[in-house]
Amino acid sequence: MMRTVSVAATQMACGWDKQQNIVTATALVTKAAKAGANIVLLQELFETPYFCQVHDFDYFKLATSVADNAAITHFKHLAKELDVVLPISFYEQSGNTFFNSVTIIDADGEILGTYRKTHIPDGIPYAEKFYFTPGDTGFKVWDTKYAKIGVGICWDQWFPECARSMALMGAELLFYPTAIGDEPTLDIDSKGHWQRCMQGHAAANLMPVVASNRIGTETISQNDHDSTMQFYGSSFITDGRGEIIQEASKDNQEVITATFDLDKLAIERRQWGVFRDRRPTMYGTLLTH
């Protein structure tokens, strides 16, 4: 028998009404489940606008523990109701430390655990080092009802070491919740580069990649100035060879889906031999700065 799984990526605009953002995300997850999706990816930090555009200590008040996070509590019930797996991105407070995290909810509504973002960017308007400590969990793979999944978070997606580590740990699918748009400091359109980087992860590991980004224009207020960003959506799903097989628009709220035969993908990984032919003892340079 084929072991198939259907995945979905979503994208939406976010405002300051947390409950409304959760309602919107719920509608997208429900739509994806009705379309047959077993694992549904929501975007990075979807409970609020992307506040990391500016440095402002007031935004630390947005952080919660896993137990106290309204979105996680809500989506535990929805995951069970719809029989879907949900990686939920949120701003985590753990004691006196703050992380950019994702909690994995299995299809029975139970929490499998939490991953804390390893790579933290620091450049306007992505000033995340002000708000987040680099994650201390290490990369993780989750044995969900439908597949073994690896989940990185946004800036993690630019690092091949992250994708390869999750593949080596047994991941069958890679997921990346994201918040990316304008690059005013660099004055470039990064969309193509952003997608090609993850397409490379898929091709190098013979493993589908699912990326969910936000849409819309967001203005974040600070005492002395405001910052505005335009997010470019374009959420996408690749096949195991890095080909984009589904892509959302730049500015519409959407759900995209794809179905994969996990056993067929495993056979292709064996046939190509890239894991057989690895030479870990030759990669010492990766441990240097």
# chains A, B, ... in the order shown; residues from 1 in each chain; ligands from 1

$ residues_around --residues "region 44-52 of chain A" --least-positions-apart "5" --cutoff "9 Å" --atoms "only C-alpha atoms" --output "PDB file with N, CA, C and O atoms, in the first residue's frame"
ATOM      1  N   MET A  12      -2.099  34.672   5.130  1.00  0.00           N
ATOM      2  CA  MET A  12      -3.120  35.611   5.575  1.00  0.00           C
ATOM      3  C   MET A  12      -2.463  36.911   6.012  1.00  0.00           C
ATOM      4  O   MET A  12      -1.260  36.959   6.282  1.00  0.00           O
ATOM      5  N   ALA A  13      -3.269  37.971   6.087  1.00  0.00           N
ATOM      6  CA  ALA A  13      -2.834  39.238   6.657  1.00  0.00           C
ATOM      7  C   ALA A  13      -3.142  39.230   8.153  1.00  0.00           C
ATOM      8  O   ALA A  13      -4.093  38.591   8.605  1.00  0.00           O
ATOM      9  N   CYS A  14      -2.329  39.937   8.927  1.00  0.00           N
ATOM     10  CA  CYS A  14      -2.476  39.937  10.382  1.00  0.00           C
ATOM     11  C   CYS A  14      -2.651  41.360  10.913  1.00  0.00           C
ATOM     12  O   CYS A  14      -1.946  42.277  10.492  1.00  0.00           O
ATOM     13  N   GLY A  15      -3.584  41.526  11.854  1.00  0.00           N
ATOM     14  CA  GLY A  15      -3.787  42.797  12.530  1.00  0.00           C
ATOM     15  C   GLY A  15      -3.535  42.659  14.018  1.00  0.00           C
ATOM     16  O   GLY A  15      -3.062  41.621  14.487  1.00  0.00           O
ATOM     17  N   TRP A  16      -3.896  43.701  14.773  1.00  0.00           N
ATOM     18  CA  TRP A  16      -3.611  43.687  16.203  1.00  0.00           C
ATOM     19  C   TRP A  16      -4.694  43.006  17.035  1.00  0.00           C
ATOM     20  O   TRP A  16      -4.550  42.865  18.243  1.00  0.00           O
ATOM     21  N   ASP A  17      -5.775  42.576  16.413  1.00  0.00           N
ATOM     22  CA  ASP A  17      -6.810  41.827  17.124  1.00  0.00           C
ATOM     23  C   ASP A  17      -6.423  40.349  17.095  1.00  0.00           C
ATOM     24  O   ASP A  17      -6.658  39.642  16.109  1.00  0.00           O
ATOM     25  N   LYS A  18      -5.829  39.874  18.187  1.00  0.00           N
ATOM     26  CA  LYS A  18      -5.339  38.491  18.235  1.00  0.00           C
ATOM     27  C   LYS A  18      -6.455  37.496  17.958  1.00  0.00           C
ATOM     28  O   LYS A  18      -6.260  36.517  17.225  1.00  0.00           O
ATOM     29  N   GLN A  19      -7.611  37.722  18.561  1.00  0.00           N
ATOM     30  CA  GLN A  19      -8.699  36.773  18.399  1.00  0.00           C
ATOM     31  C   GLN A  19      -9.144  36.703  16.951  1.00  0.00           C
ATOM     32  O   GLN A  19      -9.456  35.626  16.437  1.00  0.00           O
ATOM     33  N   GLN A  20      -9.177  37.846  16.269  1.00  0.00           N
ATOM     34  CA  GLN A  20      -9.569  37.838  14.864  1.00  0.00           C
ATOM     35  C   GLN A  20      -8.549  37.092  14.023  1.00  0.00           C
ATOM     36  O   GLN A  20      -8.907  36.370  13.079  1.00  0.00           O
ATOM     37  N   ASN A  21      -7.266  37.239  14.341  1.00  0.00           N
ATOM     38  CA  ASN A  21      -6.238  36.491  13.617  1.00  0.00           C
ATOM     39  C   ASN A  21      -6.422  34.990  13.800  1.00  0.00           C
ATOM     40  O   ASN A  21      -6.262  34.206  12.850  1.00  0.00           O
ATOM     41  N   ILE A  22      -6.779  34.584  15.006  1.00  0.00           N
ATOM     42  CA  ILE A  22      -7.024  33.167  15.268  1.00  0.00           C
ATOM     43  C   ILE A  22      -8.251  32.684  14.500  1.00  0.00           C
ATOM     44  O   ILE A  22      -8.270  31.577  13.947  1.00  0.00           O
ATOM     45  N   ALA A  25      -7.189  32.308  10.897  1.00  0.00           N
ATOM     46  CA  ALA A  25      -6.364  31.109  10.760  1.00  0.00           C
ATOM     47  C   ALA A  25      -7.199  29.843  10.869  1.00  0.00           C
ATOM     48  O   ALA A  25      -6.968  28.857  10.157  1.00  0.00           O
ATOM     49  N   TYR A  59       6.775  45.406  23.234  1.00  0.00           N
ATOM     50  CA  TYR A  59       6.342  44.229  22.482  1.00  0.00           C
ATOM     51  C   TYR A  59       6.750  42.916  23.155  1.00  0.00           C
ATOM     52  O   TYR A  59       6.242  41.854  22.792  1.00  0.00           O
ATOM     53  N   LEU A  62       3.973  40.678  24.497  1.00  0.00           N
ATOM     54  CA  LEU A  62       3.214  39.763  23.646  1.00  0.00           C
ATOM     55  C   LEU A  62       3.568  38.295  23.905  1.00  0.00           C
ATOM     56  O   LEU A  62       2.823  37.397  23.514  1.00  0.00           O
ATOM     57  N   ALA A  71      -3.499  30.771  21.066  1.00  0.00           N
ATOM     58  CA  ALA A  71      -3.572  30.065  19.786  1.00  0.00           C
ATOM     59  C   ALA A  71      -3.313  28.572  19.964  1.00  0.00           C
ATOM     60  O   ALA A  71      -4.015  27.735  19.384  1.00  0.00           O
ATOM     61  N   ILE A  88       2.305  25.261  15.278  1.00  0.00           N
ATOM     62  CA  ILE A  88       1.811  26.587  15.656  1.00  0.00           C
ATOM     63  C   ILE A  88       2.982  27.467  16.092  1.00  0.00           C
ATOM     64  O   ILE A  88       3.637  27.213  17.106  1.00  0.00           O
ATOM     65  N   SER A  89       3.228  28.517  15.322  1.00  0.00           N
ATOM     66  CA  SER A  89       4.293  29.474  15.610  1.00  0.00           C
ATOM     67  C   SER A  89       3.810  30.505  16.625  1.00  0.00           C
ATOM     68  O   SER A  89       2.679  30.997  16.525  1.00  0.00           O
ATOM     69  N   PHE A  90       4.667  30.860  17.593  1.00  0.00           N
ATOM     70  CA  PHE A  90       4.262  31.843  18.598  1.00  0.00           C
ATOM     71  C   PHE A  90       5.489  32.452  19.270  1.00  0.00           C
ATOM     72  O   PHE A  90       6.613  31.952  19.143  1.00  0.00           O
ATOM     73  N   TYR A  91       5.273  33.553  19.976  1.00  0.00           N
ATOM     74  CA  TYR A  91       6.316  34.243  20.729  1.00  0.00           C
ATOM     75  C   TYR A  91       6.315  33.663  22.139  1.00  0.00           C
ATOM     76  O   TYR A  91       5.361  33.854  22.888  1.00  0.00           O
ATOM     77  N   ASN A 100      11.527  32.636  19.650  1.00  0.00           N
ATOM     78  CA  ASN A 100      10.639  32.503  18.498  1.00  0.00           C
ATOM     79  C   ASN A 100      10.442  31.002  18.312  1.00  0.00           C
ATOM     80  O   ASN A 100      11.374  30.294  17.910  1.00  0.00           O
ATOM     81  N   SER A 101       9.260  30.504  18.605  1.00  0.00           N
ATOM     82  CA  SER A 101       9.065  29.057  18.762  1.00  0.00           C
ATOM     83  C   SER A 101       7.916  28.524  17.918  1.00  0.00           C
ATOM     84  O   SER A 101       7.072  29.276  17.428  1.00  0.00           O
ATOM     85  N   VAL A 102       7.902  27.216  17.770  1.00  0.00           N
ATOM     86  CA  VAL A 102       6.776  26.532  17.145  1.00  0.00           C
ATOM     87  C   VAL A 102       6.467  25.280  17.951  1.00  0.00           C
ATOM     88  O   VAL A 102       7.368  24.513  18.286  1.00  0.00           O
ATOM     89  N   ILE A 124      17.477  45.562   9.985  1.00  0.00           N
ATOM     90  CA  ILE A 124      16.206  46.242   9.758  1.00  0.00           C
ATOM     91  C   ILE A 124      15.635  45.833   8.405  1.00  0.00           C
ATOM     92  O   ILE A 124      16.352  45.827   7.422  1.00  0.00           O
ATOM     93  N   PRO A 125      14.356  45.448   8.322  1.00  0.00           N
ATOM     94  CA  PRO A 125      13.340  45.490   9.374  1.00  0.00           C
ATOM     95  C   PRO A 125      13.140  44.153  10.092  1.00  0.00           C
ATOM     96  O   PRO A 125      12.059  43.908  10.634  1.00  0.00           O
ATOM     97  N   TYR A 126      14.145  43.300  10.077  1.00  0.00           N
ATOM     98  CA  TYR A 126      14.048  41.990  10.749  1.00  0.00           C
ATOM     99  C   TYR A 126      14.948  42.002  11.986  1.00  0.00           C
ATOM    100  O   TYR A 126      15.925  41.267  12.076  1.00  0.00           O
ATOM    101  N   ALA A 127      14.600  42.848  12.942  1.00  0.00           N
ATOM    102  CA  ALA A 127      15.445  43.078  14.119  1.00  0.00           C
ATOM    103  C   ALA A 127      15.130  42.075  15.220  1.00  0.00           C
ATOM    104  O   ALA A 127      14.778  42.434  16.353  1.00  0.00           O
ATOM    105  N   GLU A 128      15.260  40.796  14.908  1.00  0.00           N
ATOM    106  CA  GLU A 128      14.784  39.757  15.819  1.00  0.00           C
ATOM    107  C   GLU A 128      15.696  39.510  17.015  1.00  0.00           C
ATOM    108  O   GLU A 128      15.241  39.028  18.055  1.00  0.00           O
ATOM    109  N   LYS A 129      16.971  39.825  16.898  1.00  0.00           N
ATOM    110  CA  LYS A 129      17.868  39.579  18.034  1.00  0.00           C
ATOM    111  C   LYS A 129      17.500  40.436  19.242  1.00  0.00           C
ATOM    112  O   LYS A 129      17.874  40.108  20.373  1.00  0.00           O
ATOM    113  N   PHE A 130      16.791  41.528  19.013  1.00  0.00           N
ATOM    114  CA  PHE A 130      16.310  42.351  20.123  1.00  0.00           C
ATOM    115  C   PHE A 130      15.268  41.595  20.948  1.00  0.00           C
ATOM    116  O   PHE A 130      15.201  41.752  22.170  1.00  0.00           O
ATOM    117  N   TYR A 131      14.475  40.767  20.288  1.00  0.00           N
ATOM    118  CA  TYR A 131      13.343  40.110  20.950  1.00  0.00           C
ATOM    119  C   TYR A 131      13.588  38.641  21.301  1.00  0.00           C
ATOM    120  O   TYR A 131      12.971  38.130  22.237  1.00  0.00           O
ATOM    121  N   ILE A 153      12.098  27.582  11.268  1.00  0.00           N
ATOM    122  CA  ILE A 153      11.341  28.829  11.335  1.00  0.00           C
ATOM    123  C   ILE A 153      12.071  29.917  10.559  1.00  0.00           C
ATOM    124  O   ILE A 153      13.194  30.289  10.896  1.00  0.00           O
ATOM    125  N   CYS A 154      11.458  30.414   9.516  1.00  0.00           N
ATOM    126  CA  CYS A 154      11.900  31.553   8.728  1.00  0.00           C
ATOM    127  C   CYS A 154      13.411  31.579   8.472  1.00  0.00           C
ATOM    128  O   CYS A 154      13.874  30.856   7.599  1.00  0.00           O
ATOM    129  N   TYR A 176       8.400  25.225   6.871  1.00  0.00           N
ATOM    130  CA  TYR A 176       8.993  26.486   7.296  1.00  0.00           C
ATOM    131  C   TYR A 176       7.937  27.594   7.384  1.00  0.00           C
ATOM    132  O   TYR A 176       7.584  28.207   6.377  1.00  0.00           O
ATOM    133  N   PRO A 177       7.412  27.887   8.583  1.00  0.00           N
ATOM    134  CA  PRO A 177       6.582  29.085   8.747  1.00  0.00           C
ATOM    135  C   PRO A 177       7.466  30.326   8.633  1.00  0.00           C
ATOM    136  O   PRO A 177       8.591  30.353   9.151  1.00  0.00           O
ATOM    137  N   THR A 178       6.952  31.372   7.963  1.00  0.00           N
ATOM    138  CA  THR A 178       7.800  32.475   7.511  1.00  0.00           C
ATOM    139  C   THR A 178       7.102  33.823   7.639  1.00  0.00           C
ATOM    140  O   THR A 178       5.878  33.906   7.596  1.00  0.00           O
ATOM    141  N   ALA A 179       7.908  34.879   7.779  1.00  0.00           N
ATOM    142  CA  ALA A 179       7.433  36.262   7.642  1.00  0.00           C
ATOM    143  C   ALA A 179       8.506  37.009   6.859  1.00  0.00           C
ATOM    144  O   ALA A 179       9.549  37.362   7.411  1.00  0.00           O
ATOM    145  N   SER A 212       5.100  28.703   4.388  1.00  0.00           N
ATOM    146  CA  SER A 212       3.925  29.560   4.559  1.00  0.00           C
ATOM    147  C   SER A 212       4.375  30.957   4.960  1.00  0.00           C
ATOM    148  O   SER A 212       5.060  31.124   5.972  1.00  0.00           O
ATOM    149  N   ASN A 213       3.997  31.951   4.172  1.00  0.00           N
ATOM    150  CA  ASN A 213       4.379  33.336   4.408  1.00  0.00           C
ATOM    151  C   ASN A 213       3.129  34.187   4.643  1.00  0.00           C
ATOM    152  O   ASN A 213       2.017  33.772   4.313  1.00  0.00           O
ATOM    153  N   ARG A 214       3.309  35.387   5.191  1.00  0.00           N
ATOM    154  CA  ARG A 214       2.174  36.289   5.384  1.00  0.00           C
ATOM    155  C   ARG A 214       2.022  37.244   4.207  1.00  0.00           C
ATOM    156  O   ARG A 214       2.918  37.350   3.365  1.00  0.00           O
ATOM    157  N   GLU A 218       2.073  46.110   6.787  1.00  0.00           N
ATOM    158  CA  GLU A 218       2.000  46.268   8.235  1.00  0.00           C
ATOM    159  C   GLU A 218       2.861  47.447   8.672  1.00  0.00           C
ATOM    160  O   GLU A 218       4.034  47.551   8.299  1.00  0.00           O
ATOM    161  N   THR A 219       2.290  48.308   9.487  1.00  0.00           N
ATOM    162  CA  THR A 219       3.011  49.432  10.071  1.00  0.00           C
ATOM    163  C   THR A 219       3.126  49.221  11.572  1.00  0.00           C
ATOM    164  O   THR A 219       2.116  49.012  12.256  1.00  0.00           O
ATOM    165  N   ILE A 220       4.350  49.233  12.064  1.00  0.00           N
ATOM    166  CA  ILE A 220       4.623  49.031  13.486  1.00  0.00           C
ATOM    167  C   ILE A 220       5.057  50.365  14.087  1.00  0.00           C
ATOM    168  O   ILE A 220       5.990  51.005  13.604  1.00  0.00           O
ATOM    169  N   SER A 221       4.375  50.763  15.150  1.00  0.00           N
ATOM    170  CA  SER A 221       4.639  52.057  15.771  1.00  0.00           C
ATOM    171  C   SER A 221       5.685  51.940  16.873  1.00  0.00           C
ATOM    172  O   SER A 221       5.736  50.966  17.616  1.00  0.00           O
ATOM    173  N   MET A 229       6.176  47.607   6.357  1.00  0.00           N
ATOM    174  CA  MET A 229       6.642  46.521   5.501  1.00  0.00           C
ATOM    175  C   MET A 229       5.504  45.994   4.640  1.00  0.00           C
ATOM    176  O   MET A 229       4.360  45.926   5.080  1.00  0.00           O
TER     177      MET A 229
END

$ residues_around --residues "region 273-286 of chain A" --least-positions-apart "6" --cutoff "9 Å" --atoms "only C-alpha atoms" --output "PyMOL selection string"
chain A and resi 161+168+204-206

$ write_last_selection --atoms "C-alpha atoms" --output "PDB file, in the first residue's frame"
ATOM      1  CA  GLU A 161      22.653  22.597   7.691  1.00  0.00           C
ATOM      2  CA  LEU A 168      19.340  12.939   8.851  1.00  0.00           C
ATOM      3  CA  ALA A 204      19.525  18.068  -2.013  1.00  0.00           C
ATOM      4  CA  ASN A 205      17.547  15.948   0.450  1.00  0.00           C
ATOM      5  CA  LEU A 206      14.962  14.566  -2.014  1.00  0.00           C
TER       6      LEU A 206
END

$ closest_residue --among "A:Ala27, A:Thr137, A:Gln11, A:Leu112" --to "Phe231 (chain A)" --atoms "only C-alpha atoms"
A:Gln11

$ select_by_dssp --residues "region 125-264 of chain A" --states "helix (DSSP H, G or I)" --output "PyMOL selection string"
chain A and resi 128-130+154-158+160-168+191-205+262-264

$ closest_atom_pairs --of "region 131-181 of chain A" --to "region 83-86 of chain A" --cutoff "9 Å" --atoms "only C-alpha atoms" --output "CSV"
residue,atom,partner,partner_atom,distance
A:Thr144,CA,A:Val85,CA,7.1
A:Lys145,CA,A:Val85,CA,7.6
A:Tyr146,CA,A:Val85,CA,8.0

$ atom_distance --atom1 "CA of Gly138 (chain A)" --atom2 "CA of Met166 (chain A)"
10.0 Å

$ closest_residue --among "A:Thr4, A:Thr133, A:Lys76, A:Asp56" --to "Gln93 (chain A)" --atoms "only C-alpha atoms"
A:Thr133

$ residues_around --residues "Glu92 (chain A)" --least-positions-apart "5" --cutoff "6 Å" --atoms "only C-alpha atoms" --output "list of chain:residue names"
A:Ala63, A:Thr64, A:Ser65, A:Phe98, A:Phe99

$ write_last_selection --atoms "all heavy atoms" --output "PDB file, in the first residue's frame"
ATOM      1  N   ALA A  63       4.694  38.047  24.538  1.00  0.00           N
ATOM      2  CA  ALA A  63       5.173  36.671  24.720  1.00  0.00           C
ATOM      3  C   ALA A  63       4.364  35.936  25.790  1.00  0.00           C
ATOM      4  O   ALA A  63       3.895  36.526  26.763  1.00  0.00           O
ATOM      5  CB  ALA A  63       6.649  36.679  25.088  1.00  0.00           C
ATOM      6  N   THR A  64       4.206  34.628  25.589  1.00  0.00           N
ATOM      7  CA  THR A  64       3.513  33.778  26.558  1.00  0.00           C
ATOM      8  C   THR A  64       4.249  32.449  26.690  1.00  0.00           C
ATOM      9  O   THR A  64       5.081  32.092  25.851  1.00  0.00           O
ATOM     10  CB  THR A  64       2.067  33.452  26.119  1.00  0.00           C
ATOM     11  OG1 THR A  64       2.121  32.578  24.970  1.00  0.00           O
ATOM     12  CG2 THR A  64       1.296  34.708  25.773  1.00  0.00           C
ATOM     13  N   SER A  65       3.899  31.707  27.702  1.00  0.00           N
ATOM     14  CA  SER A  65       4.350  30.324  27.793  1.00  0.00           C
ATOM     15  C   SER A  65       3.516  29.462  26.855  1.00  0.00           C
ATOM     16  O   SER A  65       2.479  29.895  26.344  1.00  0.00           O
ATOM     17  CB  SER A  65       4.204  29.811  29.226  1.00  0.00           C
ATOM     18  OG  SER A  65       2.823  29.728  29.566  1.00  0.00           O
ATOM     19  N   PHE A  98      13.213  34.712  26.108  1.00  0.00           N
ATOM     20  CA  PHE A  98      12.182  34.843  25.083  1.00  0.00           C
ATOM     21  C   PHE A  98      12.659  34.186  23.787  1.00  0.00           C
ATOM     22  O   PHE A  98      13.797  34.396  23.358  1.00  0.00           O
ATOM     23  CB  PHE A  98      11.870  36.318  24.839  1.00  0.00           C
ATOM     24  CG  PHE A  98      11.305  37.013  26.048  1.00  0.00           C
ATOM     25  CD1 PHE A  98      12.131  37.424  27.082  1.00  0.00           C
ATOM     26  CD2 PHE A  98       9.941  37.236  26.163  1.00  0.00           C
ATOM     27  CE1 PHE A  98      11.610  38.057  28.208  1.00  0.00           C
ATOM     28  CE2 PHE A  98       9.414  37.866  27.282  1.00  0.00           C
ATOM     29  CZ  PHE A  98      10.252  38.272  28.309  1.00  0.00           C
ATOM     30  N   PHE A  99      11.782  33.404  23.172  1.00  0.00           N
ATOM     31  CA  PHE A  99      12.131  32.644  21.980  1.00  0.00           C
ATOM     32  C   PHE A  99      11.083  32.822  20.883  1.00  0.00           C
ATOM     33  O   PHE A  99       9.909  33.086  21.149  1.00  0.00           O
ATOM     34  CB  PHE A  99      12.231  31.147  22.299  1.00  0.00           C
ATOM     35  CG  PHE A  99      13.260  30.783  23.324  1.00  0.00           C
ATOM     36  CD1 PHE A  99      12.894  30.558  24.646  1.00  0.00           C
ATOM     37  CD2 PHE A  99      14.595  30.650  22.971  1.00  0.00           C
ATOM     38  CE1 PHE A  99      13.838  30.212  25.599  1.00  0.00           C
ATOM     39  CE2 PHE A  99      15.555  30.305  23.912  1.00  0.00           C
ATOM     40  CZ  PHE A  99      15.175  30.086  25.234  1.00  0.00           C
TER      41      PHE A  99
END

$ select_by_dssp --residues "region 151-201 of chain A" --states "strand (DSSP E)" --output "PyMOL selection string"
chain A and resi 151+173-177

$ write_last_selection --atoms "N, CA and C atoms" --output "PDB file, in the first residue's frame"
ATOM      1  N   VAL A 151      10.552  20.857  11.245  1.00  0.00           N
ATOM      2  CA  VAL A 151      10.021  22.218  11.174  1.00  0.00           C
ATOM      3  C   VAL A 151      11.121  23.205  11.557  1.00  0.00           C
ATOM      4  N   LEU A 173       9.215  15.183   5.503  1.00  0.00           N
ATOM      5  CA  LEU A 173       8.721  16.445   4.934  1.00  0.00           C
ATOM      6  C   LEU A 173       9.316  17.578   5.757  1.00  0.00           C
ATOM      7  N   LEU A 174       9.609  18.716   5.099  1.00  0.00           N
ATOM      8  CA  LEU A 174      10.165  19.878   5.794  1.00  0.00           C
ATOM      9  C   LEU A 174       9.190  21.043   5.710  1.00  0.00           C
ATOM     10  N   PHE A 175       8.977  21.714   6.844  1.00  0.00           N
ATOM     11  CA  PHE A 175       8.033  22.820   6.933  1.00  0.00           C
ATOM     12  C   PHE A 175       8.732  24.064   7.466  1.00  0.00           C
ATOM     13  N   TYR A 176       8.400  25.225   6.871  1.00  0.00           N
ATOM     14  CA  TYR A 176       8.993  26.486   7.296  1.00  0.00           C
ATOM     15  C   TYR A 176       7.937  27.594   7.384  1.00  0.00           C
ATOM     16  N   PRO A 177       7.412  27.887   8.583  1.00  0.00           N
ATOM     17  CA  PRO A 177       6.582  29.085   8.747  1.00  0.00           C
ATOM     18  C   PRO A 177       7.466  30.326   8.633  1.00  0.00           C
TER      19      PRO A 177
END

$ residues_around --residues "region 233-241 of chain A" --least-positions-apart "3" --cutoff "7 Å" --atoms "only C-alpha atoms" --output "list in words"
Ala9, Gln11, Gln199, Ala202, Ala203, Leu206, Met207, Pro208, Val209, Val210, Ala211, Ser212, Asn213, Arg214, Ile215, Ile244, Ile245, Gln246, Glu247, Ala248, Ser249, Lys250, Asp251 and Leu265 of chain A
